[in-house]
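Visitor: Following this line is data09.pdb, made up of PDB, C-alpha atoms:
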```pdb
ATOM      1  CA  MET M 153      12.980 117.275 184.735
ATOM      2  CA  ASN M 154      12.399 114.450 187.156
ATOM      3  CA  TRP M 155      14.534 115.329 190.163
ATOM      4  CA  LEU M 156      14.549 111.678 191.238
ATOM      5  CA  TYR M 157      17.069 110.991 188.481
ATOM      6  CA  ILE M 158      19.434 113.413 190.185
ATOM      7  CA  GLY M 159      18.372 112.972 193.793
ATOM      8  CA  ILE M 160      18.642 109.183 194.060
ATOM      9  CA  PRO M 161      22.162 108.923 192.575
ATOM     10  CA  ALA M 162      23.228 111.891 194.714
ATOM     11  CA  VAL M 163      21.949 110.167 197.858
ATOM     12  CA  VAL M 164      23.655 106.898 196.913
ATOM     13  CA  ILE M 165      26.976 108.666 196.223
ATOM     14  CA  GLY M 166      26.605 110.610 199.455
ATOM     15  CA  VAL M 167      26.044 107.431 201.460
ATOM     16  CA  ILE M 168      29.048 105.710 199.836
ATOM     17  CA  LEU M 169      31.350 108.676 200.442
ATOM     18  CA  GLY M 170      29.974 109.142 203.944
ATOM     19  CA  TRP M 171      30.707 105.522 204.821
ATOM     20  CA  ARG M 172      34.144 105.564 203.232
ATOM     21  CA  TYR M 173      35.149 108.753 205.035
ATOM     22  CA  ARG M 174      33.195 108.111 208.226
ATOM     23  CA  ARG M 175      36.297 108.407 210.381
ATOM     24  CA  SER M 176      37.132 111.845 208.991
ATOM     25  CA  LEU M 177      33.514 112.943 209.346
ATOM     26  CA  PHE M 178      33.718 111.889 212.977
ATOM     27  CA  HIS M 179      36.807 114.060 213.362
ATOM     28  CA  ASP M 180      35.019 116.998 211.712
ATOM     29  CA  TYR M 181      31.852 116.893 213.742
ATOM     30  CA  ALA M 182      32.725 115.073 216.981
ATOM     31  CA  TYR M 183      36.097 116.694 217.553
ATOM     32  CA  ASP M 184      36.001 119.996 215.711
ATOM     33  CA  ALA M 185      32.358 121.096 215.930
ATOM     34  CA  LEU M 186      31.305 119.587 219.253
ATOM     35  CA  LEU M 187      34.422 120.576 221.170
ATOM     36  CA  SER M 188      34.204 124.094 219.796
ATOM     37  CA  PHE M 189      30.508 124.427 220.662
ATOM     38  CA  ALA M 190      31.253 122.987 224.102
ATOM     39  CA  ASP M 191      33.710 125.808 224.627
ATOM     40  CA  GLU M 192      31.066 128.349 223.713
ATOM     41  CA  ALA M 193      28.598 126.781 226.126
ATOM     42  CA  LEU M 194      31.197 127.035 228.870
ATOM     43  CA  GLY M 195      32.032 130.635 227.986
ATOM     44  CA  GLY M 196      35.248 129.966 226.112
ATOM     45  CA  VAL M 197      37.087 132.693 224.275
ATOM     46  CA  ILE M 198      36.182 133.006 220.597
ATOM     47  CA  GLY M 199      39.159 132.243 218.359
ATOM     48  CA  LEU M 200      41.458 129.698 219.924
ATOM     49  CA  ASP M 201      40.252 128.050 223.109
ATOM     50  CA  ILE M 202      40.742 124.736 224.858
ATOM     51  CA  GLY M 203      38.204 122.846 222.746
ATOM     52  CA  ASP M 204      39.617 124.105 219.446
ATOM     53  CA  LEU M 205      43.162 123.349 220.540
ATOM     54  CA  LEU M 206      42.221 119.838 221.656
ATOM     55  CA  ALA M 207      40.293 119.250 218.407
ATOM     56  CA  ALA M 208      43.269 120.414 216.344
ATOM     57  CA  LEU M 209      45.621 118.024 218.145
ATOM     58  CA  LEU M 210      43.211 115.083 217.879
ATOM     59  CA  ILE M 211      42.538 115.695 214.184
ATOM     60  CA  TYR M 212      46.239 115.995 213.351
ATOM     61  CA  ARG M 213      47.000 112.804 215.229
ATOM     62  CA  GLY M 214      44.128 110.913 213.605
ATOM     63  CA  GLU M 215      44.634 112.120 210.033
ATOM     64  CA  ARG M 216      48.429 112.204 209.661
ATOM     65  CA  SER M 217      48.725 108.477 208.961
ATOM     66  CA  ARG M 218      45.902 108.657 206.420
ATOM     67  CA  ILE M 219      46.606 111.776 204.355
ATOM     68  CA  GLY M 220      50.109 112.884 205.310
ATOM     69  CA  MET M 221      51.660 115.522 207.538
ATOM     70  CA  ILE M 222      50.908 118.641 205.460
ATOM     71  CA  PRO M 223      47.200 117.948 204.723
ATOM     72  CA  ALA M 224      46.728 116.855 208.361
ATOM     73  CA  SER M 225      48.344 120.096 209.508
ATOM     74  CA  ILE M 226      45.901 122.068 207.331
ATOM     75  CA  ALA M 227      42.962 120.156 208.831
ATOM     76  CA  ALA M 228      44.280 120.863 212.323
ATOM     77  CA  TRP M 229      44.777 124.551 211.499
ATOM     78  CA  GLU M 230      41.196 124.721 210.265
ATOM     79  CA  ALA M 231      40.033 123.165 213.548
ATOM     80  CA  SER M 232      41.858 125.949 215.405
ATOM     81  CA  ASN M 233      39.832 128.471 213.344
ATOM     82  CA  PHE M 234      42.955 129.310 211.358
ATOM     83  CA  PHE M 235      44.721 130.756 214.362
ATOM     84  CA  PRO M 236      45.480 133.663 214.690
ATOM     85  CA  LEU M 237      42.776 134.783 212.231
ATOM     86  CA  GLY M 238      40.115 133.558 214.649
ATOM     87  CA  LEU M 239      41.279 136.135 217.192
ATOM     88  CA  ILE M 240      40.377 139.073 214.952
ATOM     89  CA  PRO M 241      37.257 140.869 216.347
ATOM     90  CA  PHE M 242      34.020 140.267 214.415
ATOM     91  CA  LEU M 243      35.837 138.127 211.815
ATOM     92  CA  GLY M 244      36.628 135.472 214.422
ATOM     93  CA  THR M 245      32.987 135.012 215.433
ATOM     94  CA  GLY M 246      31.694 134.316 211.946
ATOM     95  CA  LEU M 247      34.764 132.335 210.994
ATOM     96  CA  GLU M 248      34.345 129.998 213.940
ATOM     97  CA  TYR M 249      30.732 129.100 213.193
ATOM     98  CA  VAL M 250      31.385 128.574 209.486
ATOM     99  CA  LEU M 251      34.468 126.408 210.072
ATOM    100  CA  ASN M 252      32.689 124.333 212.707
ATOM    101  CA  LEU M 253      30.267 123.174 210.010
ATOM    102  CA  PHE M 254      32.799 122.747 207.215
ATOM    103  CA  PRO M 255      34.112 119.125 206.972
ATOM    104  CA  ALA M 256      37.743 120.048 206.303
ATOM    105  CA  ALA M 257      39.232 116.683 207.310
ATOM    106  CA  SER M 258      36.786 114.835 205.042
ATOM    107  CA  VAL M 259      37.484 117.105 202.067
ATOM    108  CA  LEU M 260      41.234 116.720 202.531
ATOM    109  CA  ASN M 261      40.776 112.941 202.756
ATOM    110  CA  LEU M 262      38.895 113.031 199.478
ATOM    111  CA  LEU M 263      41.823 114.891 197.883
ATOM    112  CA  PHE M 264      44.850 113.301 199.549
ATOM    113  CA  ASN M 265      43.779 109.917 200.902
ATOM    114  CA  LYS M 266      46.408 107.229 200.252
ATOM    115  CA  GLU M 267      43.961 104.337 200.480
ATOM    116  CA  ASP M 268      44.024 103.668 196.726
ATOM    117  CA  LYS M 269      47.819 103.565 196.745
ATOM    118  CA  ALA M 270      47.781 101.152 199.675
ATOM    119  CA  ASN M 271      45.185  99.008 197.877
ATOM    120  CA  ASN M 272      47.305  98.862 194.706
ATOM    121  CA  TYR M 273      50.434  97.762 196.569
ATOM    122  CA  ARG M 274      48.396  95.295 198.612
ATOM    123  CA  GLN M 275      46.890  93.734 195.487
ATOM    124  CA  GLU M 276      50.321  93.529 193.832
ATOM    125  CA  PHE M 277      51.714  91.780 196.893
ATOM    126  CA  GLN M 278      48.803  89.340 197.130
ATOM    127  CA  ASP M 279      49.091  88.441 193.432
ATOM    128  CA  LEU M 280      52.797  87.749 193.908
ATOM    129  CA  GLN M 281      52.107  85.831 197.107
ATOM    130  CA  ASP M 282      49.608  83.560 195.330
ATOM    131  CA  ALA M 283      51.929  82.960 192.377
ATOM    132  CA  ALA M 284      54.949  82.253 194.591
ATOM    133  CA  GLU M 285      53.227  79.281 196.206
ATOM    134  CA  ALA M 286      53.833  77.337 192.979
ATOM    135  CA  ILE M 287      57.603  77.530 193.547
ATOM    136  CA  ASP M 288      57.434  76.914 197.300
ATOM    137  CA  VAL M 289      58.178  80.517 198.293
ATOM    138  CA  SER M 290      56.127  81.634 201.299
ATOM    139  CA  LEU M 291      55.517  85.383 201.505
ATOM    140  CA  SER M 292      53.937  87.368 204.332
ATOM    141  CA  ALA M 293      53.208  91.005 205.157
ATOM    142  CA  ASP M 294      51.995  90.989 208.753
ATOM    143  CA  GLU M 295      53.019  94.552 209.617
ATOM    144  CA  ALA M 296      51.536  95.920 206.409
ATOM    145  CA  ASP M 297      48.321  93.990 207.027
ATOM    146  CA  ASP M 298      48.081  95.445 210.543
ATOM    147  CA  ALA M 299      48.561  98.987 209.235
ATOM    148  CA  TYR M 300      45.964  98.360 206.527
ATOM    149  CA  GLU M 301      43.410  97.041 209.003
ATOM    150  CA  ALA M 302      43.997 100.157 211.140
ATOM    151  CA  SER M 303      43.351 102.379 208.078
ATOM    152  CA  LYS M 304      46.870 103.809 208.316
ATOM    153  CA  TRP M 305      47.084 104.189 204.570
ATOM    154  CA  ILE M 306      50.466 105.907 204.299
ATOM    155  CA  GLU M 307      52.146 103.356 206.556
ATOM    156  CA  ALA M 308      50.347 100.492 204.812
ATOM    157  CA  ALA M 309      51.354 101.723 201.343
ATOM    158  CA  HIS M 310      54.978 102.081 202.453
ATOM    159  CA  LYS M 311      55.123  98.658 204.106
ATOM    160  CA  TYR M 312      53.357  96.886 201.222
ATOM    161  CA  SER M 313      55.750  98.519 198.743
ATOM    162  CA  GLU M 314      58.682  97.210 200.807
ATOM    163  CA  CYS M 315      57.106  93.751 200.925
ATOM    164  CA  VAL M 316      56.633  93.811 197.155
ATOM    165  CA  ARG M 317      60.306  94.665 196.563
ATOM    166  CA  GLU M 318      61.542  92.020 199.002
ATOM    167  CA  SER M 319      59.137  89.427 197.575
ATOM    168  CA  GLN M 320      60.216  90.182 194.022
ATOM    169  CA  THR M 321      63.827  89.563 195.022
ATOM    170  CA  ARG M 322      62.957  86.238 196.650
ATOM    171  CA  VAL M 323      60.855  85.123 193.688
ATOM    172  CA  ARG M 324      63.530  86.224 191.221
ATOM    173  CA  ASN M 325      66.199  84.214 193.028
ATOM    174  CA  ALA M 326      63.946  81.159 193.307
ATOM    175  CA  VAL M 327      62.989  81.235 189.621
ATOM    176  CA  ARG M 328      66.614  81.591 188.521
ATOM    177  CA  ARG M 329      67.732  78.772 190.802
ATOM    178  CA  ARG M 330      64.977  76.423 189.694
ATOM    179  CA  GLY M 331      65.494  77.347 186.052
ATOM    180  CA  THR M 332      69.200  76.558 186.269
ATOM    181  CA  ASN M 333      68.509  73.288 188.087
ATOM    182  CA  VAL M 334      65.891  72.032 185.635
ATOM    183  CA  LYS M 335      68.052  72.946 182.649
ATOM    184  CA  ASN M 336      71.114  71.217 184.095
ATOM    185  CA  GLU M 337      69.083  68.133 184.968
ATOM    186  CA  ALA M 338      67.575  67.956 181.475
ATOM    187  CA  HIS M 339      71.003  68.084 179.862
ATOM    188  CA  ARG M 340      72.376  65.548 182.342
ATOM    189  CA  VAL M 341      69.645  63.127 181.324
ATOM    190  CA  LEU M 342      70.244  63.981 177.663
ATOM    191  CA  ARG M 343      73.958  63.177 177.975
ATOM    192  CA  GLY M 344      73.012  59.821 179.427
ATOM    193  CA  MET M 345      71.036  59.099 176.240
ATOM    194  CA  SER M 346      73.905  60.158 173.953
ATOM    195  CA  GLY M 347      74.104  58.123 170.732
ATOM    196  CA  ARG M 348      70.805  56.378 171.283
ATOM    197  CA  GLN M 349      68.053  56.573 168.681
ATOM    198  CA  THR M 350      65.206  55.149 170.715
ATOM    199  CA  LYS M 351      61.794  56.761 171.026
ATOM    200  CA  GLN M 352      62.582  57.761 174.614
ATOM    201  CA  ALA M 353      65.861  59.395 173.550
ATOM    202  CA  ARG M 354      64.058  61.446 170.890
ATOM    203  CA  ARG M 355      61.466  62.538 173.475
ATOM    204  CA  ILE M 356      64.178  63.671 175.854
ATOM    205  CA  ARG M 357      65.983  65.624 173.120
ATOM    206  CA  ARG M 358      62.779  67.443 172.213
ATOM    207  CA  ALA M 359      62.007  68.038 175.880
ATOM    208  CA  ALA M 360      65.501  69.396 176.549
ATOM    209  CA  THR M 361      65.134  71.874 173.684
ATOM    210  CA  ARG M 362      61.757  72.971 174.958
ATOM    211  CA  ILE M 363      63.059  73.256 178.530
ATOM    212  CA  ASP M 364      65.906  75.497 177.352
ATOM    213  CA  SER M 365      63.345  77.722 175.674
ATOM    214  CA  LEU M 366      61.078  77.836 178.736
ATOM    215  CA  VAL M 367      63.974  78.715 181.024
ATOM    216  CA  GLU M 368      64.968  81.562 178.716
ATOM    217  CA  GLU M 369      61.363  82.765 178.641
ATOM    218  CA  SER M 370      61.254  82.687 182.433
ATOM    219  CA  ARG M 371      64.388  84.839 182.539
ATOM    220  CA  ASP M 372      62.840  87.243 180.038
ATOM    221  CA  GLY M 373      59.799  87.429 182.299
ATOM    222  CA  LEU M 374      61.994  88.349 185.250
ATOM    223  CA  ALA M 375      63.689  91.053 183.175
ATOM    224  CA  ASP M 376      60.252  92.466 182.309
ATOM    225  CA  GLU M 377      59.129  92.086 185.946
ATOM    226  CA  ASP M 378      56.397  89.700 184.806
ATOM    227  CA  TYR M 379      56.877  87.384 187.776
ATOM    228  CA  LYS M 380      53.733  85.355 187.270
ATOM    229  CA  GLU M 381      54.743  84.476 183.714
ATOM    230  CA  ALA M 382      58.281  83.642 184.839
ATOM    231  CA  ILE M 383      56.910  81.282 187.488
ATOM    232  CA  VAL M 384      54.550  79.616 185.009
ATOM    233  CA  ASN M 385      57.382  79.011 182.537
ATOM    234  CA  VAL M 386      59.815  77.518 185.043
ATOM    235  CA  ARG M 387      57.087  75.282 186.499
ATOM    236  CA  THR M 388      56.135  74.140 182.989
ATOM    237  CA  ALA M 389      59.783  73.238 182.372
ATOM    238  CA  GLU M 390      59.925  71.229 185.600
ATOM    239  CA  GLU M 391      56.700  69.400 184.801
ATOM    240  CA  LEU M 392      57.935  68.626 181.286
ATOM    241  CA  LEU M 393      61.130  67.119 182.658
ATOM    242  CA  ASP M 394      59.162  65.042 185.132
ATOM    243  CA  SER M 395      56.900  63.756 182.356
ATOM    244  CA  VAL M 396      59.757  62.444 180.206
ATOM    245  CA  THR M 397      61.869  60.996 183.027
ATOM    246  CA  SER M 398      59.190  59.334 185.152
TER     247      SER M 398
END
```
In structure tokens, how does this file's structure come out?

Guide:
Amino acid sequence: MNWLYIGIPAVVIGVILGWRYRRSLFHDYAYDALLSFADEALGGVIGLDIGDLLAALLIYRGERSRIGMIPASIAAWEASNFFPLGLIPFLGTGLEYVLNLFPAASVLNLLFNKEDKANNYRQEFQDLQDAAEAIDVSLSADEADDAYEASKWIEAAHKYSECVRESQTRVRNAVRRRGTNVKNEAHRVLRGMSGRQTKQARRIRRAATRIDSLVEESRDGLADEDYKEAIVNVRTAEELLDSVTS
């Protein structure tokens, strides 16, 4: 077996994961390992000492917004050498050295990281934001964007989900309003052509029928939460009315 076929993909995957979880790796080896070893160099007490306590606090603070309170608490407990287990004679010594090398925060990030959830909500919001421009609805998510840029995945996911709900309400109201307006205008024009058999009158009658259908389809889209399709249908109705009345 050519080990390159295994080794090269393994290295590539390792580099990708290492870059993605670089912040957690920093917590594991800059906070947890280095602070713990610094305690040993200064003659700290094996088990729970100042360096381990400081590392636990820093890791909890840094990871809570990324993986949640419970996983962050586990990572912090690991950094404290699973206090009070680290105080047990003989067991504490070996436990400390093993845990200093184990990347607990990174493993917990791999299992509980909310980045994908934040990305999904962010993409949903951006798709809605782009579509809403067609009906003159301006959407923004400044606080969510700030949380996302700071890699605060839980906060970002929560704020983007709120933005999505609020944006859906605004888009829904705008589509309904514009649908009602274009339908009323089409029938107003049609009433003005009542009794006429000209080519223009026939065009307006056909357009009015099609506009009614498009408005209903836009409402169906809203009911199915297909906002992009609802926007497309109401804009098509407006453009059709413009084309036969201009």

Visitor: Written as a VMD selection string, what is the full residue list that the PyMOL selection byres ((chain M and resi 333) around 12) yields on the file shown?

Guide: chain M and resid 326 to 332 334 to 340 363 to 364 367 386 to 387 389 to 390 393

Visitor: Return as a list in words the set of residues that the PyMOL selection byres ((chain M and resi 291) around 12) yields on the displayed structure.

Guide: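 Output from the PyMOL selection byres ((chain M and resi 291) around 12), applied to this file: Phe277, Gln278, Asp279, Leu280, Gln281, Asp282, Ala283, Ala284, Glu285, Ala286, Ile287, Asp288, Val289, Ser290, Ser292, Ala293, Asp294, Tyr312, Cys315, Val316, Arg317, Glu318, Ser319, Gln320, Thr321, Arg322 and Val323 of chain M.
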
Visitor: Between CA of Val384 (chain M) and CA of Ala359 (chain M), what is the distance, to one decimal in Å?

Guide: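 Result for CA of Val384 (chain M) versus CA of Ala359 (chain M): 16.5 Å, one decimal.
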
Visitor: Got a sec to resolve the PyMOL selection byres ((chain M and resi 214-226) around 12) on this structure and send the residues as an NGL selection string?

Guide: :M and (173 or 175-180 or 183 or 207-213 or 227-235 or 256-270 or 299-300 or 302-310)

Visitor: Enter the distance from CA of Glu276 (chain M) to CA of Thr388 (chain M), in Å, rounded to one decimal.

Guide: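 Distance between the two atoms: 23.0 Å.
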
Visitor: Report, in Å with one decimal, the straight-line distance from CA of Arg355 (chain M) to CA of Glu369 (chain M).

Guide: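 Taking CA of Arg355 (chain M) and CA of Glu369 (chain M), their separation equals 20.9 Å.
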
Visitor: Could you check which of M:Asp378, M:Gln352, M:Glu368, M:Arg357 is closest to Ser398 (chain M), using all atoms listed in the file?

Guide: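 Among M:Asp378, M:Gln352, M:Glu368, M:Arg357, it is M:Gln352 that comes nearest to Ser398 (chain M).
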
Visitor: Looking at only C-alpha atoms, which of M:Ser395, M:Arg324, M:Met345, M:Lys351 is the one that sits closest to Ser370 (chain M)?

Guide: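 Among M:Ser395, M:Arg324, M:Met345, M:Lys351, it is M:Arg324 that comes nearest to Ser370 (chain M).
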